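This is my_file03.txt. It holds compact mmCIF, C-alpha atoms.
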```txt
# COMPACT_ATOMS: atom_id res chain seq x y z
CA MET A 5 104.35 49.68 95.56
CA ILE A 6 103.55 52.43 98.05
CA GLU A 7 100.47 54.43 97.05
CA PRO A 8 101.58 57.87 95.90
CA LYS A 9 100.31 60.96 97.73
CA ILE A 10 98.00 62.75 95.34
CA LEU A 11 96.83 66.35 95.43
CA VAL A 12 94.22 68.05 93.28
CA ILE A 13 94.84 71.77 92.85
CA ILE A 14 91.80 73.83 91.91
CA PRO A 15 92.65 77.36 90.80
CA ALA A 16 89.55 79.49 91.26
CA TYR A 17 88.76 83.09 90.50
CA ASN A 18 85.14 84.08 91.13
CA GLU A 19 83.80 80.54 90.69
CA GLU A 20 81.20 80.45 93.47
CA GLU A 21 78.59 79.03 91.09
CA SER A 22 80.56 75.91 90.25
CA ILE A 23 83.27 75.35 92.87
CA ASP A 24 81.19 73.22 95.27
CA ASN A 25 80.04 70.92 92.49
CA VAL A 26 83.57 70.48 91.23
CA ILE A 27 84.80 69.51 94.71
CA ARG A 28 81.89 67.11 95.30
CA LYS A 29 82.49 65.42 91.97
CA ILE A 30 86.20 64.94 92.68
CA LYS A 31 85.37 63.41 96.05
CA TYR A 32 82.80 61.15 94.41
CA TYR A 33 85.24 59.66 91.93
CA SER A 34 88.42 59.60 93.90
CA ASN A 35 89.90 59.71 97.36
CA VAL A 36 92.47 62.45 96.89
CA ASP A 37 93.49 65.52 98.85
CA ILE A 38 92.12 68.77 97.46
CA VAL A 39 93.40 72.29 97.76
CA VAL A 40 91.60 75.29 96.31
CA VAL A 41 93.76 78.26 95.39
CA ASN A 42 91.40 81.18 95.66
CA ASP A 43 93.01 83.77 93.40
CA GLY A 44 91.74 86.90 95.14
CA SER A 45 88.10 86.21 94.28
CA LYS A 46 85.57 88.94 94.96
CA ASP A 47 82.69 86.51 95.49
CA GLY A 48 81.99 83.67 97.90
CA THR A 49 84.36 81.17 96.29
CA ALA A 50 86.46 80.63 99.43
CA LYS A 51 83.43 80.27 101.70
CA LYS A 52 81.78 77.72 99.42
CA ALA A 53 84.96 75.71 99.08
CA LEU A 54 85.58 75.70 102.86
CA LYS A 55 82.05 74.39 103.37
CA GLU A 56 83.01 71.34 101.32
CA GLY A 57 85.76 70.61 103.82
CA VAL A 58 88.79 71.22 101.64
CA ARG A 59 91.83 73.37 102.30
CA VAL A 60 91.62 76.82 100.75
CA ILE A 61 94.61 79.04 100.12
CA THR A 62 93.43 82.59 99.58
CA LEU A 63 95.81 84.89 97.74
CA PRO A 64 95.64 88.47 99.09
CA PHE A 65 95.23 89.78 95.55
CA ASN A 66 94.70 88.34 92.09
CA LEU A 67 97.83 86.83 90.55
CA GLY A 68 96.36 85.21 87.45
CA ILE A 69 96.24 81.52 86.62
CA GLY A 70 100.04 81.10 86.53
CA GLY A 71 100.67 82.58 89.96
CA ALA A 72 97.70 80.72 91.41
CA MET A 73 98.80 77.35 90.05
CA GLN A 74 102.34 77.92 91.24
CA THR A 75 100.97 78.53 94.73
CA GLY A 76 99.37 75.09 94.50
CA TYR A 77 102.63 73.53 93.37
CA ILE A 78 104.57 75.16 96.22
CA PHE A 79 101.95 73.75 98.59
CA ALA A 80 102.32 70.31 96.95
CA ARG A 81 106.09 70.46 97.25
CA ASP A 82 106.08 71.54 100.90
CA ASN A 83 103.54 68.88 101.83
CA HIS A 84 105.43 66.09 100.07
CA TYR A 85 102.92 65.14 97.40
CA ASP A 86 104.04 62.75 94.66
CA ILE A 87 101.44 63.75 92.08
CA ALA A 88 99.59 67.03 91.55
CA ILE A 89 96.61 67.47 89.26
CA GLN A 90 95.11 70.72 88.04
CA ILE A 91 91.33 70.79 87.78
CA ASP A 92 89.78 74.13 86.89
CA GLY A 93 87.16 75.59 89.21
CA ASP A 94 84.66 76.21 86.41
CA GLY A 95 83.65 72.57 86.04
CA GLN A 96 85.09 72.05 82.55
CA HIS A 97 87.36 69.24 83.64
CA ASP A 98 85.53 66.01 84.42
CA PRO A 99 86.96 64.34 87.55
CA LEU A 100 85.73 61.05 86.07
CA TYR A 101 89.05 60.97 84.21
CA LEU A 102 91.24 61.51 87.27
CA ASP A 103 92.45 57.92 87.45
CA LYS A 104 93.01 57.76 83.71
CA LEU A 105 95.19 60.88 83.97
CA ILE A 106 97.19 59.60 86.93
CA GLU A 107 97.75 56.10 85.55
CA PRO A 108 100.69 56.89 83.20
CA LEU A 109 102.39 58.81 86.05
CA LYS A 110 102.06 55.89 88.43
CA GLN A 111 103.61 53.64 85.82
CA ASP A 112 106.34 56.22 85.25
CA ARG A 113 105.56 56.39 81.55
CA CYS A 114 105.71 60.20 81.61
CA ASP A 115 106.32 63.17 83.91
CA MET A 116 103.22 65.08 82.86
CA ALA A 117 99.92 63.82 81.50
CA ILE A 118 97.64 66.24 79.65
CA GLY A 119 93.94 65.55 79.49
CA SER A 120 93.26 66.14 75.84
CA ARG A 121 90.00 66.84 74.00
CA TYR A 122 91.31 65.98 70.61
CA VAL A 123 93.27 62.74 70.83
CA GLU A 124 90.17 60.71 70.13
CA GLU A 125 86.87 61.81 68.65
CA THR A 126 85.02 63.32 71.57
CA ALA A 127 81.75 65.11 71.94
CA TYR A 128 83.48 68.39 72.79
CA ARG A 129 82.35 71.14 70.45
CA SER A 130 84.29 74.31 69.95
CA SER A 131 84.14 77.31 67.66
CA VAL A 132 85.99 77.46 64.36
CA THR A 133 88.30 80.23 65.57
CA ARG A 134 89.14 78.25 68.64
CA ARG A 135 89.94 75.18 66.58
CA MET A 136 92.17 77.23 64.34
CA GLY A 137 93.99 78.57 67.35
CA MET A 138 94.44 75.03 68.63
CA ILE A 139 95.87 73.86 65.32
CA PHE A 140 98.20 76.85 65.21
CA PHE A 141 99.56 76.22 68.69
CA SER A 142 99.94 72.49 67.99
CA TRP A 143 101.94 73.36 64.92
CA LEU A 144 104.07 75.89 66.79
CA ILE A 145 104.78 73.45 69.60
CA TYR A 146 105.68 70.79 67.05
CA ALA A 147 108.04 73.21 65.30
CA LEU A 148 109.74 74.21 68.56
CA THR A 149 109.86 70.88 70.39
CA GLY A 150 109.02 68.11 67.95
CA TRP A 151 106.18 67.05 70.25
CA LYS A 152 102.86 66.19 68.65
CA ILE A 153 100.44 67.62 71.19
CA LYS A 154 96.90 68.21 70.05
CA ASP A 155 95.39 69.98 73.04
CA THR A 156 98.14 72.39 73.99
CA THR A 157 95.92 74.74 76.03
CA SER A 158 94.25 72.11 78.17
CA GLY A 159 94.69 72.91 81.85
CA PHE A 160 93.58 69.42 82.91
CA ARG A 161 97.00 68.08 83.79
CA ALA A 162 98.75 65.74 86.17
CA VAL A 163 102.43 66.05 87.03
CA ASN A 164 104.85 63.97 89.09
CA ARG A 165 107.14 64.98 91.94
CA LYS A 166 109.97 66.09 89.65
CA ILE A 167 107.75 68.58 87.84
CA ILE A 168 106.08 69.72 91.08
CA GLU A 169 109.51 70.76 92.30
CA TYR A 170 110.36 72.41 88.99
CA TYR A 171 107.05 74.32 88.85
CA ALA A 172 107.37 75.44 92.47
CA GLY A 173 110.59 77.18 91.49
CA SER A 174 109.54 78.49 88.10
CA TYR A 175 106.18 78.76 86.38
CA PRO A 176 105.04 81.19 83.66
CA THR A 177 102.75 83.97 84.89
CA ASP A 178 99.93 84.34 82.40
CA TYR A 179 98.66 81.78 79.89
CA PRO A 180 101.09 79.19 81.23
CA GLU A 181 99.64 76.06 79.59
CA VAL A 182 101.31 76.36 76.21
CA ASP A 183 104.41 78.17 77.39
CA VAL A 184 105.28 75.52 79.89
CA LEU A 185 105.49 72.82 77.20
CA VAL A 186 108.55 74.44 75.66
CA ARG A 187 110.16 74.75 79.09
CA LEU A 188 109.47 71.11 79.91
CA HIS A 189 110.96 70.08 76.59
CA LYS A 190 114.11 72.07 77.40
CA LYS A 191 114.36 70.32 80.74
CA ARG A 192 113.91 66.92 79.03
CA PHE A 193 110.73 65.99 80.85
CA ARG A 194 108.38 63.47 79.25
CA VAL A 195 104.90 64.65 78.32
CA MET A 196 101.95 62.53 77.25
CA GLU A 197 98.38 63.16 76.15
CA VAL A 198 95.48 61.22 77.59
CA PRO A 199 92.11 61.43 75.83
CA VAL A 200 89.32 62.89 77.96
CA GLU A 201 85.90 64.42 77.43
CA MET A 202 85.47 67.98 78.57
CA LEU A 203 82.25 69.50 79.85
CA GLU A 204 80.65 72.83 79.19
CA ARG A 205 81.65 75.29 81.86
CA GLN A 206 79.10 75.43 84.65
CA GLY A 207 79.38 79.00 85.79
CA GLY A 208 81.18 82.26 85.24
CA SER A 209 82.54 83.13 81.84
CA SER A 210 85.67 82.13 79.96
CA SER A 211 88.62 84.36 80.62
CA ILE A 212 89.24 84.51 76.88
CA THR A 213 86.93 86.83 74.94
CA PRO A 214 87.13 87.08 71.12
CA LEU A 215 89.03 90.35 71.31
CA LYS A 216 91.46 88.99 73.83
CA SER A 217 92.11 85.89 71.75
CA ILE A 218 94.16 87.77 69.16
CA TYR A 219 96.23 89.32 71.92
CA TYR A 220 96.49 85.85 73.45
CA MET A 221 97.77 84.30 70.21
CA VAL A 222 100.39 86.99 69.64
CA LYS A 223 101.52 87.01 73.25
CA VAL A 224 101.77 83.26 73.62
CA SER A 225 103.58 82.89 70.29
CA THR A 226 106.14 85.53 71.19
CA SER A 227 106.63 84.04 74.61
CA LEU A 228 106.99 80.55 73.11
CA VAL A 229 109.68 81.61 70.71
CA ILE A 230 111.56 83.43 73.49
CA SER A 231 111.18 80.42 75.78
CA SER A 232 112.70 78.21 73.13
CA LEU A 233 115.70 80.54 72.94
CA ARG A 234 116.17 80.35 76.66
CA SER A 235 119.01 78.20 77.96
CA GLY A 236 117.91 75.13 79.87
CA GLY A 237 119.45 76.43 83.07
CA MET A 238 117.36 79.59 83.33
CA SER A 239 114.85 79.45 86.13
CA MET B 40 120.81 131.97 70.33
CA ILE B 41 123.03 128.94 70.84
CA PHE B 42 124.28 130.37 74.07
CA SER B 43 120.81 130.41 75.66
CA VAL B 44 120.23 126.71 75.06
CA TYR B 45 123.51 125.92 76.75
CA MET B 46 122.67 128.24 79.64
CA LEU B 47 119.33 126.53 80.07
CA SER B 48 121.00 123.15 79.99
CA ILE B 49 123.61 124.18 82.57
CA GLY B 50 120.94 125.60 84.86
CA PHE B 51 118.82 122.52 84.48
CA SER B 52 121.62 120.06 85.22
CA ILE B 53 122.74 121.93 88.33
CA LEU B 54 119.20 122.12 89.67
CA PHE B 55 118.62 118.49 88.76
CA LEU B 56 121.75 117.33 90.58
CA LEU B 57 120.74 119.30 93.67
CA VAL B 58 117.27 117.75 93.65
CA ILE B 59 118.67 114.22 93.31
CA ILE B 60 121.10 114.72 96.18
CA GLU B 61 118.35 116.19 98.33
CA MET B 62 116.03 113.25 97.58
CA VAL B 63 118.71 110.71 98.46
CA ARG B 64 119.46 112.64 101.63
CA LYS B 65 115.78 112.54 102.61
CA ASN B 66 115.65 108.80 101.84
CA LYS B 67 113.07 109.34 99.09
CA LEU B 68 115.36 107.86 96.46
CA LEU B 69 117.55 104.81 96.93
CA GLU B 70 121.26 105.32 96.34
CA LYS B 71 121.43 102.53 93.81
CA TYR B 72 118.80 104.20 91.62
CA SER B 73 120.26 107.66 92.09
CA LEU B 74 123.63 106.73 90.58
CA LEU B 75 122.39 106.65 86.97
CA TRP B 76 120.63 109.99 87.44
CA ILE B 77 123.66 111.65 89.00
CA PHE B 78 125.73 110.30 86.14
CA PHE B 79 123.21 111.79 83.71
CA GLY B 80 123.26 115.18 85.43
CA VAL B 81 127.06 115.35 85.49
CA ILE B 82 127.42 114.46 81.81
CA LEU B 83 124.74 116.97 80.81
CA LEU B 84 126.51 119.63 82.86
CA LEU B 85 129.86 118.83 81.23
CA LEU B 86 128.39 118.78 77.73
CA SER B 87 126.53 122.05 78.10
CA SER B 88 129.29 123.92 79.89
CA THR B 89 131.86 123.11 77.20
CA PRO B 90 130.24 124.04 73.86
CA VAL B 91 133.53 123.40 72.07
CA PHE B 92 133.28 119.77 72.99
CA ILE B 93 129.73 119.45 71.79
CA GLU B 94 130.46 121.23 68.52
CA ARG B 95 133.32 118.82 67.97
CA ILE B 96 130.98 115.84 68.45
CA ALA B 97 128.39 117.45 66.18
CA GLY B 98 131.03 117.90 63.49
CA LEU B 99 132.11 114.27 63.77
CA MET B 100 128.54 113.00 63.50
CA ASP B 101 127.58 115.43 60.74
CA ILE B 102 124.98 117.13 62.92
CA LYS B 103 124.24 120.61 61.54
CA TYR B 104 122.81 122.10 64.71
CA ALA B 105 125.26 121.44 67.54
CA PRO B 106 122.86 121.65 70.51
CA SER B 107 120.87 118.72 69.07
CA VAL B 108 123.69 116.60 70.45
CA LEU B 109 122.29 117.53 73.87
CA PHE B 110 118.84 116.33 72.84
CA LEU B 111 120.22 113.17 71.31
CA PHE B 112 122.13 112.43 74.48
CA GLY B 113 119.08 113.16 76.64
CA MET B 114 116.82 110.96 74.56
CA VAL B 115 119.15 107.98 74.34
CA TYR B 116 119.77 108.22 78.06
CA LEU B 117 116.04 108.30 78.80
CA ILE B 118 115.41 105.22 76.66
CA VAL B 119 118.19 103.35 78.40
CA TYR B 120 116.96 104.46 81.80
CA CYS B 121 113.36 103.47 81.00
CA PHE B 122 114.60 100.04 80.05
CA HIS B 123 116.53 99.81 83.27
CA ILE B 124 113.38 100.75 85.20
CA THR B 125 111.28 98.05 83.48
CA MET B 126 113.91 95.51 84.41
CA VAL B 127 113.88 96.61 88.03
CA PHE B 128 110.09 96.56 87.93
CA SER B 129 110.01 93.01 86.48
CA LYS B 130 112.23 91.74 89.23
CA GLN B 131 110.00 93.40 91.78
CA SER B 132 106.82 91.92 90.31
CA GLU B 133 108.35 88.51 90.66
CA LYS B 134 109.28 89.15 94.26
CA ILE B 135 105.82 90.47 95.08
CA THR B 136 104.24 87.38 93.50
CA ARG B 137 106.44 85.13 95.59
CA LEU B 138 105.61 87.07 98.76
CA ASN B 139 101.90 86.86 97.96
CA GLN B 140 102.12 83.09 97.49
CA GLU B 141 104.18 82.42 100.58
CA LEU B 142 101.94 84.63 102.70
CA ALA B 143 98.79 82.88 101.46
CA ILE B 144 100.24 79.43 102.12
CA LEU B 145 101.43 80.42 105.59
CA LYS B 146 98.08 81.94 106.50
CA GLU B 147 96.23 78.82 105.41
CA LYS B 148 98.63 76.62 107.37
CA LEU B 149 98.09 78.68 110.52
CA GLU B 150 94.34 78.46 110.11
CA ASN B 151 94.50 74.73 109.42
CA ASP B 152 96.74 74.01 112.40
CA LYS B 153 94.45 76.00 114.66
CA GLN B 154 91.43 74.06 113.48
CA ASN B 155 93.18 70.72 113.93
CA LYS B 156 94.07 71.70 117.47
CA GLU B 157 90.51 72.69 118.30
CA GLY B 158 89.21 69.52 116.64
CA GLY B 159 91.68 67.46 118.70
CA GLN B 160 90.51 69.02 121.96
CA GLY B 161 86.88 68.45 121.06
CA GLY B 162 87.36 64.75 120.31
```
Just give me the structure as structure tokens.
Amino acid sequence: MIEPKILVIIPAYNEEESIDNVIRKIKYYSNVDIVVVNDGSKDGTAKKALKEGVRVITLPFNLGIGGAMQTGYIFARDNHYDIAIQIDGDGQHDPLYLDKLIEPLKQDRCDMAIGSRYVEETAYRSSVTRRMGMIFFSWLIYALTGWKIKDTTSGFRAVNRKIIEYYAGSYPTDYPEVDVLVRLHKKRFRVMEVPVEMLERQGGSSSITPLKSIYYMVKVSTSLVISSLRSGGMS
Amino acid sequence: MIFSVYMLSIGFSILFLLVIIEMVRKNKLLEKYSLLWIFFGVILLLLSSTPVFIERIAGLMDIKYAPSVLFLFGMVYLIVYCFHITMVFSKQSEKITRLNQELAILKEKLENDKQNKEGGQGG
């Protein structure tokens, strides 16, 4: 079998504290191409990433995680990659699990593999409210798609060529992780969870503050229900 | 009393129509967005210049104060137009996002190609 062309996409917004470490770690564990999508950062993210010898796409202004990731997928599509993996720039996703995440794609057992914190007992600790949110989203996704996905918000994901092409054409703007599951279900893609350990973020702060989390829940839920009403053909 | 509201309404719609036409003429408003406004101005002008018509509608809808039909019409129209604007705006956001992405990718490719060329000459 021909080795697939693999690309790691790192979306980064003001991650100068962690970005170089993330890139070094990926290079240490795996020999893959890396592209950083610098989402209009105001700090030295781009400079630090360039120093590590990777390609850096700098968006003229901040688009948010959805727009940034889609940029990566367009890049992956245009440069003929077979597999694209999202690894966040904050160091939460451990590149140690890269191969484990890619494996089911290589064997064509699924179209997207999600690195999940909760499939097996892992050391990852999270707050009670966060856990409740997770359970709620899992339940909602189950109700809308019939998929039993435990870590619906995990951004640590690998997708194959078919989904790269789909994402390049259409990807939700903000908080895309959960939303996209419903869309993939509509399009009859196969999704699988792979157990991984996640690390504490190395720098910066989470984009989700307690106050924002309520807004997040309401927004994502609404968007999920609307997505599920959408016809499969809508782009 | 009633007469003055109608007069005001007539004056307003005429002025409004003139402003719209002037803006389109000066290229400050696109034709396709001016159509709904012109439509609005013409209907308002018709409604306010023929009070009989509006009183007839008020009677049919059991509205005690006939000129409120004008307000009702204005309000409904504004809501519809606002909705139309948000739809236009959504489409534009999407286009701007796409432009942003394509521009960023192109810029990086240029930079990358340039570097490869320089690297090639050096080695």
Once 8 Å is added on each side, what centre and edge lengths in Å to one decimal does the axis-aligned box around all listed atoms of stretch 11-30 of chain A have, as AutoDock Vina command-line options?
```
--center_x 87.7 --center_y 74.5 --center_z 92.8 --size_x 34.2 --size_y 35.1 --size_z 21.2
```
### Query
Which residues come within 12 Å of A:Arg165, counting only C-alpha atoms, excluding same-chain residues fewer than 6 positions away, as a VMD selection string?
chain A and resid 8 to 11 77 to 78 80 to 89 109 to 110 112 114 to 116 171 to 172 193
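Straight-line separation from atom CA of A:Thr177 to atom CA of A:Gly70: 4.3 Å.
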For chain A against chain B, with a cut-off of 7 Å and counting all atoms listed in the file, what is the closest atom pair and its distance in Å to one decimal for every residue that makes the cut, ordered by chain and number, as a Markdown table?
```
| residue | atom | partner | partner_atom | distance |
| --- | --- | --- | --- | --- |
| A:Val60 | CA | B:Glu147 | CA | 6.9 |
| A:Ile61 | CA | B:Glu147 | CA | 5.5 |
| A:Thr62 | CA | B:Ala143 | CA | 5.7 |
| A:Leu63 | CA | B:Ala143 | CA | 5.2 |
| A:Pro64 | CA | B:Asn139 | CA | 6.6 |
| A:Gly71 | CA | B:Thr136 | CA | 7.0 |
| A:Thr75 | CA | B:Gln140 | CA | 5.5 |
| A:Phe79 | CA | B:Ile144 | CA | 6.9 |
```
### Task
Just the residues within 8 Å of stretch 221-237 of chain A, please, counting all atoms listed in the file, with nothing from its chain fewer than 5 positions along; format it as a PyMOL selection string.
chain A and resi 137+141+144+148+179+182-183+186-187+190-191
### Task
Could you tell me how far atom CA of A:Met196 lies from atom CA of A:Ile118, in Å and to one decimal?
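Pair atom CA of A:Met196 / atom CA of A:Ile118 returns 6.2 Å.
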### Long-range neighbours of A:His189 as a list in words, 10 Å cut-off, only C-alpha atoms, 5 positions minimum in chain
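Skipping anything fewer than 5 positions along the chain leaves Ile145, Leu148, Thr149, Gly150, Trp151, Val184, Arg194, Val195, Ser232 and Gly236 of chain A.
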### Message
Give me the residues near stretch 98-105 of chain A as a list in words, where near means some atom within 9 Å (using only C-alpha atoms) and where sequence neighbours in that chain fewer than 5 positions away do not count.
### Response
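So the residues in contact are Val26, Lys29, Ile30, Lys31, Tyr32, Tyr33, Ser34, Ile89, Ile91, Ala117, Ile118, Gly119, Phe160, Arg161, Ala162, Glu197, Val198, Pro199, Val200, Glu201, Met202 and Leu203 of chain A.
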Using all atoms listed in the file, can you list as a JSON list (two decimals) with C-alpha atoms, in the coordinates of the input the residues within 9 Å of (100.6, 64.3, 69.7)?
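Dumped to selection_11.json:
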```json
[["chain", "number", "residue", "atom", "x", "y", "z"],
["A", 123, "VAL", "CA", 93.27, 62.74, 70.83],
["A", 142, "SER", "CA", 99.94, 72.49, 67.99],
["A", 146, "TYR", "CA", 105.68, 70.79, 67.05],
["A", 151, "TRP", "CA", 106.18, 67.05, 70.25],
["A", 152, "LYS", "CA", 102.86, 66.19, 68.65],
["A", 153, "ILE", "CA", 100.44, 67.62, 71.19],
["A", 154, "LYS", "CA", 96.90, 68.21, 70.05],
["A", 155, "ASP", "CA", 95.39, 69.98, 73.04],
["A", 196, "MET", "CA", 101.95, 62.53, 77.25],
["A", 197, "GLU", "CA", 98.38, 63.16, 76.15]]
```
### Pairwise distance for atom CA of A:Glu20 and atom CA of A:Gln90, rounded to one decimal in Å
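That distance, rounded to one decimal, is 17.8 Å.
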### Message
From the options B:Phe112, B:Ile102, B:Ser129, B:Lys134, which residue's atoms come nearest to B:Leu84, counting all atoms listed in the file?
### Response
B:Phe112
### Query
Which residues come within 12 Å of B:Leu75, counting only C-alpha atoms, excluding same-chain residues fewer than 4 positions away, as a PyMOL selection string?
chain B and resi 56+59+68-71+79-82+116-117+119-121+123-124
